[in-house]
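Coordinates from protein_15.pdb are shown below (PDB, C-alpha atoms).
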```pdb
ATOM      1  CA  ILE A   1     105.880 135.283  80.161
ATOM      2  CA  THR A   2     109.477 136.302  80.875
ATOM      3  CA  HIS A   3     109.720 138.227  77.617
ATOM      4  CA  SER A   4     106.442 140.059  78.273
ATOM      5  CA  ALA A   5     107.481 141.025  81.815
ATOM      6  CA  LEU A   6     110.911 142.343  80.732
ATOM      7  CA  ILE A   7     109.437 144.314  77.811
ATOM      8  CA  THR A   8     106.879 145.854  80.180
ATOM      9  CA  ILE A   9     109.577 146.881  82.668
ATOM     10  CA  TYR A  10     111.669 148.415  79.891
ATOM     11  CA  THR A  11     108.755 150.201  78.172
ATOM     12  CA  ILE A  12     106.600 151.571  81.019
ATOM     13  CA  GLY A  13     108.702 150.815  84.128
ATOM     14  CA  GLY A  14     108.394 148.363  86.995
ATOM     15  CA  ASP A  15     106.201 150.312  89.405
ATOM     16  CA  ASN A  16     103.287 148.163  88.251
ATOM     17  CA  TYR A  17     104.805 144.969  89.750
ATOM     18  CA  SER A  18     105.410 143.320  86.377
ATOM     19  CA  HIS A  19     108.351 141.498  87.947
ATOM     20  CA  LEU A  20     105.847 139.253  89.804
ATOM     21  CA  TYR A  21     105.355 137.345  86.554
ATOM     22  CA  LEU A  22     108.999 136.263  86.782
ATOM     23  CA  VAL A  23     108.083 134.569  90.082
ATOM     24  CA  ILE A  24     105.359 132.655  88.204
ATOM     25  CA  VAL A  25     107.966 131.412  85.719
ATOM     26  CA  LEU A  26     110.151 130.346  88.641
ATOM     27  CA  LEU A  27     107.252 128.360  90.109
ATOM     28  CA  MET A  28     106.469 126.762  86.740
ATOM     29  CA  GLN A  29     109.701 124.764  86.829
ATOM     30  CA  MET A  30     108.246 122.944  89.864
ATOM     31  CA  VAL A  31     105.253 121.769  87.830
ATOM     32  CA  VAL A  32     106.722 120.829  84.467
ATOM     33  CA  PRO A  33     108.073 117.210  84.596
ATOM     34  CA  PHE A  34     111.353 117.838  82.776
ATOM     35  CA  SER A  35     113.159 114.749  81.525
ATOM     36  CA  LYS A  36     116.477 116.159  82.785
ATOM     37  CA  LYS A  37     116.918 117.387  86.349
ATOM     38  CA  THR A  38     119.457 119.972  85.220
ATOM     39  CA  ILE A  39     116.775 122.107  83.498
ATOM     40  CA  PRO A  40     114.801 123.060  86.670
ATOM     41  CA  ALA A  41     118.137 123.591  88.430
ATOM     42  CA  ILE A  42     119.122 126.108  85.738
ATOM     43  CA  PHE A  43     115.742 127.820  86.137
ATOM     44  CA  ALA A  44     116.179 127.958  89.907
ATOM     45  CA  VAL A  45     119.517 129.794  89.506
ATOM     46  CA  LEU A  46     118.869 132.029  86.505
ATOM     47  CA  MET A  47     115.373 133.322  87.323
ATOM     48  CA  PRO A  48     116.293 134.889  90.730
ATOM     49  CA  LEU A  49     119.335 136.504  89.083
ATOM     50  CA  LEU A  50     117.098 137.818  86.294
ATOM     51  CA  MET A  51     114.598 139.169  88.845
ATOM     52  CA  VAL A  52     117.328 140.998  90.766
ATOM     53  CA  GLY A  53     118.784 142.309  87.489
ATOM     54  CA  ALA A  54     115.373 143.553  86.323
ATOM     55  CA  TYR A  55     114.824 145.304  89.669
ATOM     56  CA  LEU A  56     118.227 147.047  89.567
ATOM     57  CA  PHE A  57     117.678 147.959  85.929
ATOM     58  CA  ASP A  58     114.323 149.535  86.779
ATOM     59  CA  LEU A  59     115.932 151.683  89.504
ATOM     60  CA  THR A  60     118.345 153.301  87.049
ATOM     61  CA  HIS A  61     116.249 153.213  83.878
ATOM     62  CA  VAL A  62     113.868 155.867  82.603
ATOM     63  CA  PRO A  63     111.053 154.154  80.657
ATOM     64  CA  PRO A  64     110.389 155.629  77.188
ATOM     65  CA  HIS A  65     106.589 155.435  77.640
ATOM     66  CA  PRO A  66     105.662 156.101  81.291
ATOM     67  CA  ILE A  67     101.941 155.701  82.083
ATOM     68  CA  GLY A  68     101.857 157.756  85.295
ATOM     69  CA  SER A  69      98.861 157.207  87.569
ATOM     70  CA  ALA A  70      97.689 154.256  85.473
ATOM     71  CA  ASN A  71     100.565 152.325  87.089
ATOM     72  CA  THR A  72      98.492 152.031  90.258
ATOM     73  CA  ILE A  73      95.589 150.373  88.476
ATOM     74  CA  LEU A  74      97.965 148.099  86.568
ATOM     75  CA  ALA A  75      99.802 147.242  89.785
ATOM     76  CA  VAL A  76      96.579 146.072  91.457
ATOM     77  CA  LEU A  77      95.700 144.040  88.368
ATOM     78  CA  ASN A  78      99.155 142.484  88.204
ATOM     79  CA  ILE A  79      99.073 141.572  91.899
ATOM     80  CA  LEU A  80      95.675 139.884  91.502
ATOM     81  CA  VAL A  81      96.641 137.994  88.333
ATOM     82  CA  ALA A  82     100.080 136.981  89.608
ATOM     83  CA  SER A  83      98.711 135.859  92.997
ATOM     84  CA  SER A  84      96.021 133.784  91.296
ATOM     85  CA  GLY A  85      98.599 132.289  88.961
ATOM     86  CA  MET A  86     100.880 131.401  91.868
ATOM     87  CA  ALA A  87      98.011 129.783  93.772
ATOM     88  CA  VAL A  88      97.048 127.728  90.716
ATOM     89  CA  LEU A  89     100.653 126.655  90.156
ATOM     90  CA  ILE A  90     101.131 125.583  93.774
ATOM     91  CA  SER A  91      97.923 123.514  93.620
ATOM     92  CA  LEU A  92      98.917 122.123  90.233
ATOM     93  CA  GLU A  93     102.342 121.180  91.565
ATOM     94  CA  ARG A  94     100.767 119.090  94.303
ATOM     95  CA  PHE A  95      98.401 117.494  91.790
ATOM     96  CA  VAL A  96     101.197 116.672  89.351
ATOM     97  CA  ARG A  97     103.352 115.298  92.167
ATOM     98  CA  SER A  98     100.522 112.979  93.286
ATOM     99  CA  ILE A  99     100.076 111.768  89.698
ATOM    100  CA  MET A 100     103.815 111.147  89.349
ATOM    101  CA  GLU A 101     103.908 109.253  92.646
ATOM    102  CA  GLU A 102     100.912 107.140  91.567
ATOM    103  CA  TYR A 103     102.587 106.445  88.221
ATOM    104  CA  GLN A 104     105.819 105.394  89.950
ATOM    105  CA  ARG A 105     103.870 103.155  92.340
ATOM    106  CA  GLU A 106     101.990 101.461  89.481
ATOM    107  CA  ARG A 107     105.255 101.139  87.565
ATOM    108  CA  MET A 108     106.943  99.427  90.513
ATOM    109  CA  GLU A 109     103.949  97.118  90.980
ATOM    110  CA  LEU A 110     104.117  96.180  87.297
ATOM    111  CA  ILE A 111     107.859  95.500  87.480
ATOM    112  CA  GLU A 112     107.371  93.467  90.658
ATOM    113  CA  ALA A 113     104.533  91.503  89.058
ATOM    114  CA  GLN A 114     106.617  90.779  85.969
ATOM    115  CA  ALA A 115     109.448  89.547  88.186
ATOM    116  CA  ASN A 116     107.314  87.432  90.525
ATOM    117  CA  LEU A 117     104.507  86.066  88.335
ATOM    118  CA  ASP A 118     104.515  83.294  85.771
ATOM    119  CA  PRO A 119     103.308  84.949  82.526
ATOM    120  CA  LEU A 120     101.319  81.897  81.356
ATOM    121  CA  THR A 121      99.383  80.951  84.484
ATOM    122  CA  THR A 122      99.696  84.283  86.417
ATOM    123  CA  LEU A 123     100.692  82.220  89.464
ATOM    124  CA  TYR A 124     103.690  83.151  91.567
ATOM    125  CA  ASN A 125     106.893  81.794  90.024
ATOM    126  CA  ARG A 126     109.750  79.836  91.564
ATOM    127  CA  ARG A 127     111.761  83.012  92.139
ATOM    128  CA  PHE A 128     109.031  84.388  94.395
ATOM    129  CA  ALA A 129     108.706  81.001  96.090
ATOM    130  CA  ASP A 130     112.357  81.204  97.148
ATOM    131  CA  VAL A 131     111.744  84.679  98.607
ATOM    132  CA  TYR A 132     108.590  83.441 100.350
ATOM    133  CA  PHE A 133     110.384  80.496 101.975
ATOM    134  CA  GLU A 134     113.177  82.796 103.156
ATOM    135  CA  LYS A 135     110.535  85.033 104.722
ATOM    136  CA  ILE A 136     108.983  82.052 106.500
ATOM    137  CA  ALA A 137     112.396  80.898 107.722
ATOM    138  CA  ALA A 138     113.196  84.358 109.100
ATOM    139  CA  SER A 139     109.826  84.739 110.828
ATOM    140  CA  ARG A 140     109.645  84.178 114.580
ATOM    141  CA  ARG A 141     105.973  83.315 114.465
ATOM    142  CA  LYS A 142     105.220  79.687 115.215
ATOM    143  CA  GLU A 143     103.016  78.638 112.316
ATOM    144  CA  VAL A 144     102.268  75.277 110.760
ATOM    145  CA  TYR A 145     102.527  74.840 106.998
ATOM    146  CA  CYS A 146     101.767  71.961 104.723
ATOM    147  CA  VAL A 147     103.800  71.967 101.494
ATOM    148  CA  ALA A 148     102.632  69.896  98.540
ATOM    149  CA  ILE A 149     103.831  69.541  94.983
ATOM    150  CA  GLY A 150     101.559  68.567  92.116
ATOM    151  CA  ASP A 151     102.565  67.127  88.765
ATOM    152  CA  ILE A 152     100.356  66.638  85.703
ATOM    153  CA  ASP A 153     100.330  62.949  84.807
ATOM    154  CA  ASP A 154     101.797  62.089  81.399
ATOM    155  CA  PHE A 155     101.982  65.729  80.378
ATOM    156  CA  LYS A 156     104.397  64.873  77.580
ATOM    157  CA  VAL A 157     101.677  62.768  75.992
ATOM    158  CA  VAL A 158      99.370  65.819  75.975
ATOM    159  CA  ASN A 159     102.011  67.933  74.230
ATOM    160  CA  ASP A 160     102.903  65.194  71.729
ATOM    161  CA  THR A 161      99.252  64.440  70.916
ATOM    162  CA  TYR A 162      97.645  67.880  70.834
ATOM    163  CA  GLY A 163     100.587  70.292  70.570
ATOM    164  CA  HIS A 164     102.238  72.691  72.964
ATOM    165  CA  SER A 165      99.480  75.325  72.696
ATOM    166  CA  ALA A 166      97.039  72.698  73.964
ATOM    167  CA  GLY A 167      99.506  71.877  76.725
ATOM    168  CA  ASP A 168      99.510  75.545  77.707
ATOM    169  CA  LYS A 169      95.702  75.481  77.955
ATOM    170  CA  VAL A 170      95.931  72.468  80.256
ATOM    171  CA  LEU A 171      98.426  74.312  82.479
ATOM    172  CA  ILE A 172      96.121  77.345  82.605
ATOM    173  CA  THR A 173      93.124  75.138  83.460
ATOM    174  CA  LEU A 174      95.007  73.523  86.318
ATOM    175  CA  ALA A 175      96.274  76.886  87.598
ATOM    176  CA  GLU A 176      92.723  78.277  87.676
ATOM    177  CA  SER A 177      91.502  75.214  89.544
ATOM    178  CA  LEU A 178      94.281  75.580  92.118
ATOM    179  CA  LYS A 179      93.504  79.278  92.642
ATOM    180  CA  GLN A 180      89.769  78.698  92.974
ATOM    181  CA  ASN A 181      90.074  75.839  95.469
ATOM    182  CA  THR A 182      92.639  77.281  97.866
ATOM    183  CA  ARG A 183      92.249  79.961 100.513
ATOM    184  CA  LYS A 184      93.587  83.518 100.391
ATOM    185  CA  THR A 185      96.074  82.601 103.077
ATOM    186  CA  ASP A 186      97.476  79.776 100.915
ATOM    187  CA  HIS A 187     100.075  80.249  98.206
ATOM    188  CA  VAL A 188     100.269  78.498  94.848
ATOM    189  CA  PHE A 189     103.414  78.613  92.732
ATOM    190  CA  ARG A 190     104.330  77.327  89.308
ATOM    191  CA  TRP A 191     107.411  75.422  90.327
ATOM    192  CA  GLY A 192     108.514  74.604  86.801
ATOM    193  CA  GLY A 193     107.135  72.927  83.676
ATOM    194  CA  GLU A 194     104.031  71.004  84.694
ATOM    195  CA  GLU A 195     104.888  71.121  88.412
ATOM    196  CA  PHE A 196     102.936  73.267  90.870
ATOM    197  CA  LEU A 197     103.811  73.950  94.498
ATOM    198  CA  LEU A 198     101.213  74.623  97.181
ATOM    199  CA  VAL A 199     101.898  76.087 100.611
ATOM    200  CA  LEU A 200      98.876  75.667 102.878
ATOM    201  CA  SER A 201      99.120  77.717 106.059
ATOM    202  CA  ASP A 202      97.652  76.726 109.438
ATOM    203  CA  SER A 203      96.466  73.411 108.061
ATOM    204  CA  THR A 204      96.839  69.974 109.577
ATOM    205  CA  LEU A 205      98.113  67.099 107.475
ATOM    206  CA  GLU A 206      94.651  65.512 107.455
ATOM    207  CA  ASP A 207      92.929  68.722 106.340
ATOM    208  CA  SER A 208      95.575  69.342 103.692
ATOM    209  CA  CYS A 209      95.252  65.825 102.286
ATOM    210  CA  ALA A 210      91.476  66.219 102.150
ATOM    211  CA  LEU A 211      91.831  69.531 100.274
ATOM    212  CA  LEU A 212      94.344  68.087  97.825
ATOM    213  CA  GLU A 213      92.106  65.096  97.164
ATOM    214  CA  LYS A 214      89.219  67.488  96.505
ATOM    215  CA  ILE A 215      91.355  69.443  94.027
ATOM    216  CA  ARG A 216      92.607  66.250  92.394
ATOM    217  CA  ALA A 217      89.052  65.023  91.856
ATOM    218  CA  ARG A 218      87.891  68.343  90.438
ATOM    219  CA  VAL A 219      90.815  68.487  88.025
ATOM    220  CA  GLU A 220      90.005  64.964  86.852
ATOM    221  CA  ASN A 221      86.426  66.083  86.129
ATOM    222  CA  THR A 222      87.390  69.438  84.557
ATOM    223  CA  PRO A 223      88.873  68.817  81.118
ATOM    224  CA  GLY A 224      90.840  71.424  79.250
ATOM    225  CA  CYS A 225      89.652  72.669  75.864
ATOM    226  CA  ALA A 226      92.044  73.546  73.073
ATOM    227  CA  GLU A 227      91.565  73.792  69.310
ATOM    228  CA  ASN A 228      88.221  71.939  69.352
ATOM    229  CA  HIS A 229      89.700  69.160  71.487
ATOM    230  CA  THR A 230      88.506  68.176  74.948
ATOM    231  CA  ILE A 231      91.553  67.067  76.888
ATOM    232  CA  HIS A 232      91.075  64.999  80.018
ATOM    233  CA  PHE A 233      94.053  65.003  82.355
ATOM    234  CA  THR A 234      94.890  64.156  85.951
ATOM    235  CA  VAL A 235      97.312  65.450  88.534
ATOM    236  CA  THR A 236      99.162  63.712  91.345
ATOM    237  CA  PHE A 237     100.038  65.474  94.626
ATOM    238  CA  GLY A 238     102.708  64.550  97.109
TER     239      GLY A 238
END
```
Final structure tokens representation of the file:
Amino acid sequence: ITHSALITIYTIGGDNYSHLYLVIVLLMQMVVPFSKKTIPAIFAVLMPLLMVGAYLFDLTHVPPHPIGSANTILAVLNILVASSGMAVLISLERFVRSIMEEYQRERMELIEAQANLDPLTTLYNRRFADVYFEKIAASRRKEVYCVAIGDIDDFKVVNDTYGHSAGDKVLITLAESLKQNTRKTDHVFRWGGEEFLLVLSDSTLEDSCALLEKIRARVENTPGCAENHTIHFTVTFG
């Protein structure tokens, strides 16, 4: 585009507003997502200088192939095309910016999820639990929480008998049961190994014990399946 505009100014003169295409090139650096920030900065400095230079050159230069009255028709055409191009670029810049912002947001959510979630069970991990407890401690709201920890009984026997992949399936089965039988306001964490931490909000001790007993019974009656083996296991809460 720059080359075409400069050749036009040199060949037939600049009375036809060919220099408007240099403005389009200047706007393009806003749209293109360059990997280095120095590139659009160079564009932002060089293009205005080039535009001023082309204008001064046109004032003192006699074009070798002047087109006379046809300059008026070409000027109208150039104004229409350049204006349309600028409008498209401005709209495209906003569109690209929204896409980039959405990408950055999704990227941050992915990084946050990788940092806060246990990759095996997709439960919150102990790192996030520490942050959550700090948030509770700093809160001025007077809320009641019941905190319980669950441990799979004789989990080492499961690993020794069926293998660690089967043990992973048992952990996943328990995690799913915990997620399905707790409320959205509750939090379940994988505390470490075969230990799971539950934080039940706005729940009395009696209600919490009843819920934990319900979960314990369901886990006992929901065996895990791994490599053609049905593995019965139990969990104890405290």
Apply the PyMOL selection byres ((chain A and resi 144-156) around 9) to the structure shown and report the selected residues as a PDB file with C-alpha atoms, in the frame of the given file.
```pdb
ATOM      1  CA  LYS A 142     105.220  79.687 115.215  1.00  0.00           C
ATOM      2  CA  GLU A 143     103.016  78.638 112.316  1.00  0.00           C
ATOM      3  CA  VAL A 157     101.677  62.768  75.992  1.00  0.00           C
ATOM      4  CA  VAL A 158      99.370  65.819  75.975  1.00  0.00           C
ATOM      5  CA  ASN A 159     102.011  67.933  74.230  1.00  0.00           C
ATOM      6  CA  ASP A 160     102.903  65.194  71.729  1.00  0.00           C
ATOM      7  CA  THR A 161      99.252  64.440  70.916  1.00  0.00           C
ATOM      8  CA  GLY A 167      99.506  71.877  76.725  1.00  0.00           C
ATOM      9  CA  LEU A 171      98.426  74.312  82.479  1.00  0.00           C
ATOM     10  CA  LEU A 174      95.007  73.523  86.318  1.00  0.00           C
ATOM     11  CA  TRP A 191     107.411  75.422  90.327  1.00  0.00           C
ATOM     12  CA  GLY A 193     107.135  72.927  83.676  1.00  0.00           C
ATOM     13  CA  GLU A 194     104.031  71.004  84.694  1.00  0.00           C
ATOM     14  CA  GLU A 195     104.888  71.121  88.412  1.00  0.00           C
ATOM     15  CA  PHE A 196     102.936  73.267  90.870  1.00  0.00           C
ATOM     16  CA  LEU A 197     103.811  73.950  94.498  1.00  0.00           C
ATOM     17  CA  LEU A 198     101.213  74.623  97.181  1.00  0.00           C
ATOM     18  CA  VAL A 199     101.898  76.087 100.611  1.00  0.00           C
ATOM     19  CA  LEU A 200      98.876  75.667 102.878  1.00  0.00           C
ATOM     20  CA  SER A 201      99.120  77.717 106.059  1.00  0.00           C
ATOM     21  CA  ASP A 202      97.652  76.726 109.438  1.00  0.00           C
ATOM     22  CA  SER A 203      96.466  73.411 108.061  1.00  0.00           C
ATOM     23  CA  THR A 204      96.839  69.974 109.577  1.00  0.00           C
ATOM     24  CA  LEU A 205      98.113  67.099 107.475  1.00  0.00           C
ATOM     25  CA  SER A 208      95.575  69.342 103.692  1.00  0.00           C
ATOM     26  CA  LEU A 212      94.344  68.087  97.825  1.00  0.00           C
ATOM     27  CA  PHE A 233      94.053  65.003  82.355  1.00  0.00           C
ATOM     28  CA  THR A 234      94.890  64.156  85.951  1.00  0.00           C
ATOM     29  CA  VAL A 235      97.312  65.450  88.534  1.00  0.00           C
ATOM     30  CA  THR A 236      99.162  63.712  91.345  1.00  0.00           C
ATOM     31  CA  PHE A 237     100.038  65.474  94.626  1.00  0.00           C
ATOM     32  CA  GLY A 238     102.708  64.550  97.109  1.00  0.00           C
TER      33      GLY A 238
END
```
Legend entry - Residue nearest Glu93 of chain A - candidates A:Thr2, A:Val31, A:Ile172, A:Glu220, atoms counted: all atoms listed in the file: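 Of all the options, A:Val31 lies closest to Glu93 of chain A.
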Inset, instruction - Mind checking which residues fall within 9 Å of Leu27 of chain A, counting all atoms listed in the file, ignoring those fewer than 5 positions away in the same chain, and posting them as a ChimeraX atom specification? - result: /A:22,44,86,89-90,93
Inset, instruction - Can you pull out every residue within 10 Å of segment 119-124 of chain A, counting only C-alpha atoms, but drop anything in the same chain fewer than 4 positions away, and send it as a PyMOL selection string? - result: chain A and resi 113-115+128-129+168-169+171-176+178-179+187-191+196-197
Inset, instruction - Tell me which of A:Arg105, A:Lys135, A:Arg216, A:His232 sits closest to Asn181 of chain A, counting all atoms listed in the file. - result: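 Checking each of A:Arg105, A:Lys135, A:Arg216, A:His232 against Asn181 of chain A, counting all atoms listed in the file, the winner is A:Arg216.
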Name the residues that the PyMOL selection byres ((chain A and resi 67-82) around 8) picks from the file above, as a tab-separated table (two decimals) with C-alpha atoms, in the coordinates of the input, using the file's chain letters and numbers.
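As written to disk, part.tsv reads:
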```tsv
chain	number	residue	atom	x	y	z
A	12	ILE	CA	106.60	151.57	81.02
A	15	ASP	CA	106.20	150.31	89.40
A	16	ASN	CA	103.29	148.16	88.25
A	17	TYR	CA	104.80	144.97	89.75
A	18	SER	CA	105.41	143.32	86.38
A	20	LEU	CA	105.85	139.25	89.80
A	21	TYR	CA	105.36	137.34	86.55
A	24	ILE	CA	105.36	132.66	88.20
A	65	HIS	CA	106.59	155.44	77.64
A	66	PRO	CA	105.66	156.10	81.29
A	83	SER	CA	98.71	135.86	93.00
A	84	SER	CA	96.02	133.78	91.30
A	85	GLY	CA	98.60	132.29	88.96
A	86	MET	CA	100.88	131.40	91.87
```
